[in-house]
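Below is one structure, written out as structure tokens; the observations come after it.
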Amino acid sequence: MHKFVELIVNSALLWIFMQTILSILVTVLYEFSIPWIVWGSLIVMIVLKLVRVSPPPVGTVQEVLGVNPLLLVKDNSVSENHGNGEKYCMRVVAHRGGGYDYPENSLLAFRNSRGKGCSAIELDLRLTKDNIPIIFHDPTIERLTGQTGTISEMTWEELQEFDIAYNHPLRNKFANGEKIALLDDALQECLKSEQRVIIDIKETRTDVVQVILDAYEKYPKLFQRGVVSSFNPIIIYMIRKKEPRIVSSLAWRPYFFSRVSYAGLEAPGPVRFRNPFKHLAACVLETLYEWLLPRFVYYVVGISAVLLHKDIINPYIVEQWCDRGIRVMAWTVNRPTEKTHFSKFLKITYLTDTLHLEKDM
């Protein structure tokens, strides 16, 4: 389905391009006037300038993300010419705090990552039925707790009773179990230990916008330590429109709108929608968005980084985003050989589920 939709969309774009070229030639050579596309392009450029939220200053971005790994010298140290004063470089990010080592998105995981010397973590944000911000990745609780329930349909009073270490491979290591963390507790834990924090917004309700703004107001240090990220550019745009000082990123992987997972060359993941018309609409949307993201969306939103699935990153992709002033981060990188590839060859930051054997963080 996706390949067919992509072919249709690309064919339509090619037809529009050819028709536009023909129209320009006719207008210039026969009518001796300025083509309509010139005026249209000027209007689009003005609109983009008006609606754009400018990214934070370079100094602020470097304060949060540190020196760009691409600027590191051969011995993996920070060059004097490109340092930001504190000689910090975000090389490794503990994905969900390092969910293979400790229960994911837990305070235990965040403390372990700090103890291992990891200076940056990524955590996931959702809202409960009573709008309490919690740190949880999935929309349901089955995978971590072994129980049934949907986060958005449960109150904090109900959720705080569950053990998120129940299904962990190392659960015998956590005799007392581990509870779901509140956003407030997680931020206090990370900021207290001077860790950088990537807040990955999984919540779809726009109520989360005010939650983020309130968090930055309560913890001003987040302006120097926090990154707000999401697959949804509208959420990030709404946040940055109200507070443009926030450093942000957008996440992306192929088939995000039409399928629930992606694993590179393996078989496509399960479809997100059973309704064929919804699935078709999702395929069209992701084809268009994949074209728009590196051309217009990043510019309008004013992001400073892009989080891409590891299986779609290559030197050309890194160069393409670098030319736009955007840093590339890879997720989720767990094999030692892959870590070497991304850190030594591509020289980009990567997110990992395990800090075991990590040396240079």
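The way I read the labels, and the way they are meant: chains A, B, ... in the order of the structure tokens, residue 1 as the first residue of every chain, and ligand 1 as the first ligand shown, with later ones counted on from there.
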
Residue neighbourhood Lys116 (chain A), 8 Å, only C-alpha atoms, exclusion window fewer than 3 positions, as a list in words: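 Answer for this query is Asn112, Ser113 and Leu355 of chain A.
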
Can you write out the residues you just picked, keeping all heavy atoms, as a PDB file, in the first residue's frame?
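Writing done, so here's result.pdb:
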ATOM      1  N   ASN A 112      20.980   5.260  38.105  1.00  0.00           N
ATOM      2  CA  ASN A 112      22.010   4.359  37.593  1.00  0.00           C
ATOM      3  C   ASN A 112      22.784   5.013  36.454  1.00  0.00           C
ATOM      4  O   ASN A 112      24.018   4.875  36.378  1.00  0.00           O
ATOM      5  CB  ASN A 112      21.371   3.063  37.092  1.00  0.00           C
ATOM      6  CG  ASN A 112      22.382   2.135  36.438  1.00  0.00           C
ATOM      7  OD1 ASN A 112      23.260   1.602  37.086  1.00  0.00           O
ATOM      8  ND2 ASN A 112      22.253   1.961  35.131  1.00  0.00           N
ATOM      9  N   SER A 113      22.083   5.696  35.562  1.00  0.00           N
ATOM     10  CA  SER A 113      22.763   6.343  34.436  1.00  0.00           C
ATOM     11  C   SER A 113      23.751   7.395  34.918  1.00  0.00           C
ATOM     12  O   SER A 113      24.851   7.527  34.383  1.00  0.00           O
ATOM     13  CB  SER A 113      21.740   6.967  33.477  1.00  0.00           C
ATOM     14  OG  SER A 113      21.036   8.027  34.093  1.00  0.00           O
ATOM     15  N   LEU A 355      23.877   0.947  29.223  1.00  0.00           N
ATOM     16  CA  LEU A 355      25.145   1.642  29.423  1.00  0.00           C
ATOM     17  C   LEU A 355      26.261   0.664  29.754  1.00  0.00           C
ATOM     18  O   LEU A 355      27.367   1.086  30.096  1.00  0.00           O
ATOM     19  CB  LEU A 355      24.993   2.679  30.549  1.00  0.00           C
ATOM     20  CG  LEU A 355      23.945   3.762  30.311  1.00  0.00           C
ATOM     21  CD1 LEU A 355      23.818   4.663  31.525  1.00  0.00           C
ATOM     22  CD2 LEU A 355      24.277   4.582  29.066  1.00  0.00           C
TER      23      LEU A 355
END

Can you tell me which residues surround Glu122 (chain A) at a distance of at most 12 Å, considering only C-alpha atoms, apart from same-chain residues fewer than 2 positions away, and format the answer as a CSV table (one decimal) with all heavy atoms, in the first residue's frame?
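Written output follows (result-v4.csv):
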chain,number,residue,atom,x,y,z
A,92,VAL,N,26.5,10.3,24.4
A,92,VAL,CA,25.6,9.1,24.6
A,92,VAL,C,24.4,9.6,25.5
A,92,VAL,O,24.6,10.3,26.5
A,92,VAL,CB,26.3,8.0,25.4
A,92,VAL,CG1,25.4,6.8,25.7
A,92,VAL,CG2,27.5,7.5,24.6
A,93,VAL,N,23.2,9.1,25.1
A,93,VAL,CA,22.0,9.5,25.9
A,93,VAL,C,21.4,8.2,26.4
A,93,VAL,O,21.2,7.2,25.6
A,93,VAL,CB,20.9,10.2,25.0
A,93,VAL,CG1,19.7,10.5,25.8
A,93,VAL,CG2,21.6,11.5,24.5
A,94,ALA,N,21.1,8.1,27.7
A,94,ALA,CA,20.4,6.9,28.2
A,94,ALA,C,18.9,6.9,27.8
A,94,ALA,O,18.2,7.6,28.4
A,94,ALA,CB,20.6,6.8,29.7
A,95,HIS,N,18.6,6.0,26.9
A,95,HIS,CA,17.2,6.0,26.3
A,95,HIS,C,16.3,5.4,27.4
A,95,HIS,O,16.5,4.3,27.9
A,95,HIS,CB,17.2,5.1,25.1
A,95,HIS,CG,15.9,5.0,24.4
A,95,HIS,ND1,15.2,3.8,24.1
A,95,HIS,CD2,15.1,6.0,23.9
A,95,HIS,CE1,14.1,4.1,23.5
A,95,HIS,NE2,14.0,5.4,23.3
A,96,ARG,N,15.3,6.2,27.8
A,96,ARG,CA,14.4,5.9,28.9
A,96,ARG,C,15.2,5.6,30.2
A,96,ARG,O,14.8,4.8,31.0
A,96,ARG,CB,13.5,4.7,28.5
A,96,ARG,CG,12.7,4.9,27.3
A,96,ARG,CD,11.9,3.7,26.9
A,96,ARG,NE,11.5,3.8,25.5
A,96,ARG,CZ,10.9,2.8,24.8
A,96,ARG,NH1,10.6,1.6,25.5
A,96,ARG,NH2,10.6,2.9,23.5
A,97,GLY,N,16.4,6.2,30.3
A,97,GLY,CA,17.2,6.0,31.5
A,97,GLY,C,18.1,4.8,31.4
A,97,GLY,O,18.9,4.6,32.3
A,98,GLY,N,18.0,4.1,30.3
A,98,GLY,CA,18.7,2.8,30.1
A,98,GLY,C,17.8,1.6,30.5
A,98,GLY,O,18.1,1.0,31.5
A,99,GLY,N,16.8,1.4,29.7
A,99,GLY,CA,15.8,0.4,30.1
A,99,GLY,C,16.2,-1.0,30.1
A,99,GLY,O,15.4,-1.9,30.7
A,104,GLU,N,12.7,0.8,32.8
A,104,GLU,CA,12.7,2.0,31.9
A,104,GLU,C,11.9,3.1,32.5
A,104,GLU,O,10.8,2.9,33.2
A,104,GLU,CB,12.2,1.7,30.5
A,104,GLU,CG,10.7,1.3,30.4
A,104,GLU,CD,10.3,1.0,29.0
A,104,GLU,OE1,10.9,0.2,28.3
A,104,GLU,OE2,9.3,1.7,28.6
A,105,ASN,N,12.3,4.3,32.3
A,105,ASN,CA,11.7,5.5,32.7
A,105,ASN,C,11.5,5.6,34.3
A,105,ASN,O,10.5,6.2,34.7
A,105,ASN,CB,10.3,5.7,32.0
A,105,ASN,CG,10.5,6.2,30.6
A,105,ASN,OD1,11.3,7.1,30.4
A,105,ASN,ND2,9.7,5.7,29.7
A,106,SER,N,12.3,4.9,35.0
A,106,SER,CA,12.2,4.9,36.4
A,106,SER,C,13.3,5.8,37.1
A,106,SER,O,14.3,6.1,36.5
A,106,SER,CB,12.3,3.5,37.0
A,106,SER,OG,13.7,3.0,36.8
A,109,ALA,N,16.5,4.0,37.2
A,109,ALA,CA,17.3,4.0,35.9
A,109,ALA,C,18.0,5.3,35.8
A,109,ALA,O,19.2,5.3,35.4
A,109,ALA,CB,16.3,3.8,34.8
A,110,PHE,N,17.4,6.4,36.2
A,110,PHE,CA,18.0,7.7,36.1
A,110,PHE,C,19.2,7.8,37.0
A,110,PHE,O,20.3,8.3,36.6
A,110,PHE,CB,17.0,8.8,36.4
A,110,PHE,CG,15.8,8.8,35.5
A,110,PHE,CD1,14.6,9.3,35.9
A,110,PHE,CD2,15.8,8.3,34.2
A,110,PHE,CE1,13.5,9.3,35.1
A,110,PHE,CE2,14.7,8.2,33.4
A,110,PHE,CZ,13.5,8.7,33.9
A,113,SER,N,22.1,5.7,35.6
A,113,SER,CA,22.8,6.3,34.4
A,113,SER,C,23.8,7.4,34.9
A,113,SER,O,24.9,7.5,34.4
A,113,SER,CB,21.7,7.0,33.5
A,113,SER,OG,21.0,8.0,34.1
A,118,CYS,N,26.8,8.7,32.7
A,118,CYS,CA,26.1,9.2,31.5
A,118,CYS,C,25.5,10.6,31.9
A,118,CYS,O,24.7,10.7,32.9
A,118,CYS,CB,25.0,8.3,31.1
A,118,CYS,SG,24.2,8.7,29.6
A,119,SER,N,25.8,11.6,31.1
A,119,SER,CA,25.4,13.0,31.4
A,119,SER,C,24.0,13.4,30.8
A,119,SER,O,23.6,14.5,31.0
A,119,SER,CB,26.4,13.9,30.9
A,119,SER,OG,26.6,13.8,29.5
A,120,ALA,N,23.4,12.5,30.1
A,120,ALA,CA,22.1,12.8,29.4
A,120,ALA,C,21.2,11.6,29.4
A,120,ALA,O,21.6,10.5,29.2
A,120,ALA,CB,22.4,13.3,28.0
A,124,ASP,N,10.1,9.7,28.7
A,124,ASP,CA,8.8,9.8,27.9
A,124,ASP,C,7.7,10.4,28.8
A,124,ASP,O,7.6,10.0,30.0
A,124,ASP,CB,8.4,8.5,27.4
A,124,ASP,CG,9.4,7.8,26.5
A,124,ASP,OD1,9.7,8.4,25.4
A,124,ASP,OD2,10.0,6.8,26.8
A,125,LEU,N,7.0,11.3,28.2
A,125,LEU,CA,5.9,12.0,29.0
A,125,LEU,C,4.5,11.7,28.5
A,125,LEU,O,4.3,11.8,27.3
A,125,LEU,CB,6.2,13.5,28.9
A,125,LEU,CG,5.1,14.5,29.5
A,125,LEU,CD1,5.0,14.3,31.0
A,125,LEU,CD2,5.4,15.9,29.2
A,135,ILE,N,6.0,9.7,33.8
A,135,ILE,CA,7.0,9.3,32.9
A,135,ILE,C,6.7,7.8,32.5
A,135,ILE,O,6.8,6.9,33.2
A,135,ILE,CB,8.4,9.3,33.6
A,135,ILE,CG1,8.6,10.7,34.2
A,135,ILE,CG2,9.5,9.0,32.6
A,135,ILE,CD1,8.5,11.8,33.2
A,136,PHE,N,6.2,7.7,31.2
A,136,PHE,CA,5.8,6.4,30.7
A,136,PHE,C,5.7,6.4,29.2
A,136,PHE,O,5.3,7.4,28.6
A,136,PHE,CB,4.3,6.1,31.3
A,136,PHE,CG,4.1,4.6,31.4
A,136,PHE,CD1,4.4,3.9,32.5
A,136,PHE,CD2,3.5,3.9,30.4
A,136,PHE,CE1,4.2,2.5,32.7
A,136,PHE,CE2,3.2,2.5,30.5
A,136,PHE,CZ,3.6,1.8,31.6
A,137,HIS,N,6.2,5.3,28.6
A,137,HIS,CA,6.3,5.3,27.1
A,137,HIS,C,5.0,4.9,26.4
A,137,HIS,O,4.5,5.5,25.5
A,137,HIS,CB,7.5,4.4,26.7
A,137,HIS,CG,7.6,4.3,25.2
A,137,HIS,ND1,7.0,3.4,24.5
A,137,HIS,CD2,8.4,5.0,24.4
A,137,HIS,CE1,7.3,3.5,23.2
A,137,HIS,NE2,8.1,4.5,23.1
A,186,ALA,N,11.1,13.2,38.4
A,186,ALA,CA,12.1,12.9,37.4
A,186,ALA,C,13.0,14.1,37.1
A,186,ALA,O,14.2,14.0,37.0
A,186,ALA,CB,11.5,12.3,36.1
A,187,LEU,N,12.4,15.3,36.9
A,187,LEU,CA,13.1,16.5,36.6
A,187,LEU,C,14.0,16.9,37.8
A,187,LEU,O,15.2,17.2,37.6
A,187,LEU,CB,12.2,17.6,36.3
A,187,LEU,CG,11.4,17.5,35.0
A,187,LEU,CD1,10.5,18.7,34.7
A,187,LEU,CD2,12.4,17.3,33.8
A,190,CYS,N,17.1,14.5,37.9
A,190,CYS,CA,18.0,14.7,36.8
A,190,CYS,C,18.7,16.1,36.9
A,190,CYS,O,20.0,16.2,36.8
A,190,CYS,CB,17.4,14.7,35.4
A,190,CYS,SG,16.7,13.0,35.1
A,195,GLN,N,22.3,16.4,35.0
A,195,GLN,CA,22.1,15.7,33.7
A,195,GLN,C,21.3,16.5,32.7
A,195,GLN,O,20.3,17.2,33.1
A,195,GLN,CB,21.4,14.3,34.0
A,195,GLN,CG,22.2,13.3,34.7
A,195,GLN,CD,21.5,12.0,35.0
A,195,GLN,OE1,20.5,12.0,35.8
A,195,GLN,NE2,21.8,10.9,34.3
A,196,ARG,N,21.6,16.3,31.5
A,196,ARG,CA,20.8,16.9,30.4
A,196,ARG,C,19.5,16.0,30.3
A,196,ARG,O,19.6,14.7,30.5
A,196,ARG,CB,21.5,16.9,29.1
A,196,ARG,CG,22.2,18.2,28.8
A,196,ARG,CD,23.3,18.5,29.7
A,196,ARG,NE,24.1,19.7,29.4
A,196,ARG,CZ,25.1,20.2,30.0
A,196,ARG,NH1,25.6,19.5,31.1
A,196,ARG,NH2,25.7,21.3,29.6
A,197,VAL,N,18.4,16.5,29.9
A,197,VAL,CA,17.1,15.8,29.8
A,197,VAL,C,16.5,16.0,28.5
A,197,VAL,O,16.2,17.2,28.1
A,197,VAL,CB,16.2,16.2,30.9
A,197,VAL,CG1,14.9,15.3,30.9
A,197,VAL,CG2,16.8,16.1,32.3
A,198,ILE,N,16.2,14.9,27.8
A,198,ILE,CA,15.4,15.0,26.5
A,198,ILE,C,14.0,14.5,26.9
A,198,ILE,O,13.8,13.3,27.2
A,198,ILE,CB,15.9,14.1,25.4
A,198,ILE,CG1,17.3,14.6,25.0
A,198,ILE,CG2,15.0,14.2,24.2
A,198,ILE,CD1,18.0,13.8,23.9
A,199,ILE,N,13.0,15.4,26.9
A,199,ILE,CA,11.6,15.1,27.3
A,199,ILE,C,10.9,14.7,26.0
A,199,ILE,O,10.6,15.6,25.2
A,199,ILE,CB,10.9,16.3,28.0
A,199,ILE,CG1,11.8,16.7,29.2
A,199,ILE,CG2,9.5,15.9,28.4
A,199,ILE,CD1,11.2,18.0,29.9
A,200,ASP,N,10.7,13.5,25.8
A,200,ASP,CA,10.0,13.0,24.6
A,200,ASP,C,8.5,12.9,24.9
A,200,ASP,O,8.0,12.1,25.6
A,200,ASP,CB,10.5,11.6,24.2
A,200,ASP,CG,10.0,11.2,22.8
A,200,ASP,OD1,9.3,11.9,22.2
A,200,ASP,OD2,10.4,10.0,22.4
A,201,ILE,N,7.7,13.8,24.2
A,201,ILE,CA,6.3,13.9,24.5
A,201,ILE,C,5.6,12.8,23.7
A,201,ILE,O,5.5,12.8,22.4
A,201,ILE,CB,5.8,15.3,24.1
A,201,ILE,CG1,6.5,16.4,24.9
A,201,ILE,CG2,4.3,15.4,24.2
A,201,ILE,CD1,6.1,17.8,24.5
A,225,ARG,N,19.5,22.8,30.4
A,225,ARG,CA,19.7,21.4,30.5
A,225,ARG,C,18.6,20.6,29.8
A,225,ARG,O,18.8,19.4,29.6
A,225,ARG,CB,19.6,21.0,32.0
A,225,ARG,CG,20.8,21.5,32.8
A,225,ARG,CD,22.1,20.9,32.4
A,225,ARG,NE,23.2,21.4,33.2
A,225,ARG,CZ,24.0,22.4,32.9
A,225,ARG,NH1,23.7,23.1,31.8
A,225,ARG,NH2,25.0,22.8,33.6
A,226,GLY,N,17.5,21.2,29.3
A,226,GLY,CA,16.4,20.4,28.7
A,226,GLY,C,16.2,20.5,27.2
A,226,GLY,O,16.5,21.6,26.6
A,227,VAL,N,15.8,19.5,26.6
A,227,VAL,CA,15.3,19.4,25.2
A,227,VAL,C,13.9,18.8,25.2
A,227,VAL,O,13.7,17.8,25.8
A,227,VAL,CB,16.3,18.6,24.3
A,227,VAL,CG1,15.8,18.6,22.9
A,227,VAL,CG2,17.7,19.0,24.4
A,228,VAL,N,13.0,19.5,24.5
A,228,VAL,CA,11.7,19.0,24.3
A,228,VAL,C,11.6,18.4,22.9
A,228,VAL,O,11.9,19.0,21.9
A,228,VAL,CB,10.6,20.1,24.5
A,228,VAL,CG1,9.2,19.5,24.3
A,228,VAL,CG2,10.7,20.7,25.9
A,229,SER,N,11.1,17.1,22.9
A,229,SER,CA,11.1,16.4,21.6
A,229,SER,C,9.7,15.7,21.4
A,229,SER,O,9.0,15.4,22.4
A,229,SER,CB,12.2,15.3,21.5
A,229,SER,OG,12.2,14.7,20.3
A,230,SER,N,9.4,15.5,20.1
A,230,SER,CA,8.1,14.8,19.8
A,230,SER,C,8.1,14.4,18.4
A,230,SER,O,8.9,14.9,17.5
A,230,SER,CB,6.9,15.7,20.1
A,230,SER,OG,5.7,15.0,19.7
A,307,LEU,N,15.9,13.6,15.8
A,307,LEU,CA,16.1,12.2,16.3
A,307,LEU,C,15.6,11.2,15.3
A,307,LEU,O,14.4,11.1,15.1
A,307,LEU,CB,15.4,12.0,17.7
A,307,LEU,CG,16.1,12.4,18.9
A,307,LEU,CD1,16.3,13.9,18.9
A,307,LEU,CD2,15.3,12.1,20.2
A,329,MET,N,20.6,12.9,15.9
A,329,MET,CA,20.8,11.9,17.0
A,329,MET,C,20.2,10.6,16.5
A,329,MET,O,19.1,10.6,15.9
A,329,MET,CB,20.2,12.3,18.3
A,329,MET,CG,20.8,13.6,18.8
A,329,MET,SD,20.1,14.0,20.5
A,329,MET,CE,20.8,15.6,20.7
A,331,TRP,N,18.6,6.7,17.2
A,331,TRP,CA,17.9,5.8,18.2
A,331,TRP,C,17.5,4.6,17.5
A,331,TRP,O,17.1,4.6,16.4
A,331,TRP,CB,16.7,6.6,18.9
A,331,TRP,CG,15.7,7.0,17.9
A,331,TRP,CD1,15.6,8.2,17.2
A,331,TRP,CD2,14.5,6.3,17.5
A,331,TRP,NE1,14.5,8.3,16.4
A,331,TRP,CE2,13.8,7.2,16.6
A,331,TRP,CE3,14.0,5.1,17.9
A,331,TRP,CZ2,12.6,6.8,16.0
A,331,TRP,CZ3,12.8,4.7,17.3
A,331,TRP,CH2,12.1,5.5,16.3
A,332,THR,N,17.4,3.4,18.2
A,332,THR,CA,18.0,3.2,19.5
A,332,THR,C,19.2,2.3,19.2
A,332,THR,O,19.0,1.2,18.6
A,332,THR,CB,17.1,2.5,20.5
A,332,THR,OG1,15.9,3.3,20.6
A,332,THR,CG2,17.7,2.4,21.8
A,350,TYR,N,24.1,9.2,20.1
A,350,TYR,CA,23.1,8.2,19.9
A,350,TYR,C,22.5,7.9,21.3
A,350,TYR,O,23.0,8.1,22.3
A,350,TYR,CB,23.8,6.9,19.4
A,350,TYR,CG,24.9,6.3,20.3
A,350,TYR,CD1,24.6,5.5,21.4
A,350,TYR,CD2,26.2,6.5,20.0
A,350,TYR,CE1,25.6,4.9,22.1
A,350,TYR,CE2,27.2,6.0,20.7
A,350,TYR,CZ,26.9,5.2,21.8
A,350,TYR,OH,27.9,4.6,22.6
A,351,LEU,N,21.2,7.4,21.2
A,351,LEU,CA,20.5,7.0,22.3
A,351,LEU,C,20.6,5.4,22.5
A,351,LEU,O,20.5,4.7,21.5
A,351,LEU,CB,19.0,7.3,22.2
A,351,LEU,CG,18.6,8.8,22.4
A,351,LEU,CD1,19.2,9.7,21.3
A,351,LEU,CD2,17.1,9.0,22.5
A,352,THR,N,20.8,5.0,23.7
A,352,THR,CA,21.0,3.5,23.9
A,352,THR,C,20.2,3.1,25.1
A,352,THR,O,19.9,3.8,26.1
A,352,THR,CB,22.5,3.2,24.1
A,352,THR,OG1,22.6,1.8,24.3
A,352,THR,CG2,23.0,3.9,25.3
A,353,ASP,N,19.8,1.8,25.1
A,353,ASP,CA,19.0,1.2,26.2
A,353,ASP,C,19.9,0.6,27.3
A,353,ASP,O,19.4,0.3,28.3
A,353,ASP,CB,18.1,0.1,25.7
A,353,ASP,CG,16.9,0.6,24.9
A,353,ASP,OD1,16.3,1.6,25.3
A,353,ASP,OD2,16.7,0.1,23.8

With a distance cut-off of 7 Å and only C-alpha atoms, select the neighbouring residues of Val53 (chain A), excluding the residue or stretch itself and same-chain residues fewer than 6 positions from it, and output the selection as a CSV table (one decimal) with N, CA, C and O atoms, in the first residue's frame.
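This went into around_6.csv:
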chain,number,residue,atom,x,y,z
A,240,ARG,N,7.0,26.1,21.5
A,240,ARG,CA,8.0,27.1,21.1
A,240,ARG,C,7.4,28.5,20.7
A,240,ARG,O,8.0,29.5,20.9
A,241,LYS,N,6.2,28.5,20.3
A,241,LYS,CA,5.5,29.7,20.0
A,241,LYS,C,5.3,30.5,21.2
A,241,LYS,O,5.4,31.8,21.2
A,244,PRO,N,9.9,30.6,23.0
A,244,PRO,CA,10.9,30.3,22.0
A,244,PRO,C,12.3,30.0,22.5
A,244,PRO,O,13.2,29.6,21.8
A,300,VAL,N,10.1,26.1,10.2
A,300,VAL,CA,9.0,26.8,10.8
A,300,VAL,C,9.0,26.5,12.3
A,300,VAL,O,8.8,27.4,13.1
A,301,VAL,N,9.3,25.3,12.7
A,301,VAL,CA,9.2,24.9,14.2
A,301,VAL,C,10.4,25.5,14.9
A,301,VAL,O,10.4,25.8,16.1
A,302,GLY,N,11.6,25.6,14.2
A,302,GLY,CA,12.8,26.1,14.8
A,302,GLY,C,13.5,25.1,15.7
A,302,GLY,O,14.0,25.4,16.8

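Distance annotation: of A:Ser41, A:Ser33, A:Asn172, A:Asn334, the residue with the minimal separation from Tyr102 (chain A) is A:Asn172; atom set is only C-alpha atoms.
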
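Proximity of A:Asn314, A:Asn232, A:Thr27, A:Ser249 to Tyr289 (chain A), computed with only C-alpha atoms, is greatest for A:Asn232.
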
Give the helix (DSSP H, G or I) residues of region 38-156 of chain A, as assigned by DSSP on the backbone, as a ChimeraX atom specification. /A:38-51,58-65,69-71,107-115,142-145,151-153,156

Output for the residues just chosen: C-alpha atoms as a short mmCIF file (atom, residue, chain, number, x, y, z; two decimals), in the first residue's frame:
data_model
loop_
_atom_site.label_atom_id
_atom_site.label_comp_id
_atom_site.auth_asym_id
_atom_site.auth_seq_id
_atom_site.Cartn_x
_atom_site.Cartn_y
_atom_site.Cartn_z
CA VAL A 38 7.73 33.94 -8.79
CA TRP A 39 4.92 35.82 -7.06
CA GLY A 40 3.67 32.62 -5.46
CA SER A 41 7.14 31.77 -4.16
CA LEU A 42 7.50 35.26 -2.67
CA ILE A 43 4.16 34.90 -0.90
CA VAL A 44 5.13 31.48 0.50
CA MET A 45 8.49 32.83 1.70
CA ILE A 46 6.82 35.75 3.46
CA VAL A 47 4.26 33.47 5.12
CA LEU A 48 7.03 31.11 6.29
CA LYS A 49 8.96 34.04 7.75
CA LEU A 50 5.86 35.30 9.56
CA VAL A 51 4.86 31.98 11.12
CA VAL A 58 23.68 29.02 19.18
CA GLY A 59 25.11 29.64 22.65
CA THR A 60 21.97 28.31 24.30
CA VAL A 61 21.92 25.21 22.08
CA GLN A 62 25.58 24.51 22.89
CA GLU A 63 24.86 24.97 26.58
CA VAL A 64 22.25 22.21 26.37
CA LEU A 65 23.71 19.84 23.77
CA PRO A 69 30.38 15.66 17.97
CA LEU A 70 31.18 16.37 14.32
CA LEU A 71 33.58 19.07 15.53
CA LEU A 107 14.04 6.97 39.05
CA LEU A 108 16.25 3.92 39.60
CA ALA A 109 17.28 4.00 35.94
CA PHE A 110 18.03 7.73 36.06
CA ARG A 111 20.20 7.30 39.17
CA ASN A 112 22.01 4.36 37.59
CA SER A 113 22.76 6.34 34.44
CA ARG A 114 24.27 9.12 36.51
CA GLY A 115 26.29 6.61 38.50
CA GLU A 142 0.57 -4.23 29.83
CA ARG A 143 4.17 -4.47 28.63
CA LEU A 144 5.76 -3.22 31.85
CA THR A 145 3.31 -4.22 34.56
CA ILE A 151 -2.87 5.52 30.65
CA SER A 152 -5.29 8.16 29.40
CA GLU A 153 -8.22 6.32 31.00
CA TRP A 156 -2.72 8.79 39.02
#

Just list as a ChimeraX atom specification whatever in region 186-273 of chain A DSSP marks as strand (DSSP E or B). /A:196-201,226-230,248-252,259,271

List as number ranges by chain the protein and nucleic acid residues near region 316-326 of chain A, meaning an atom at most 12 Å away when only C-alpha atoms are counted, but skip any in the same chain fewer than 5 places from it. A: 55-58, 61-62, 65, 68-71, 247-250, 293-296, 298-299, 302-311, 342, 345-349

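As for CA of Phe273 (chain A) and CA of Ser258 (chain A), they are spaced 7.0 Å apart.
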
Report the distance between CA of Ile134 (chain A) and CA of Lys192 (chain A) in Å, rounded to one decimal place.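 Answer for the CA of Ile134 (chain A) to CA of Lys192 (chain A) separation: 18.6 Å.
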
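With only C-alpha atoms as the basis for measurement, A:Trp36 is the residue among A:Trp36, A:Tyr262, A:Trp291, A:Tyr219 that approaches Ile21 (chain A) most closely.
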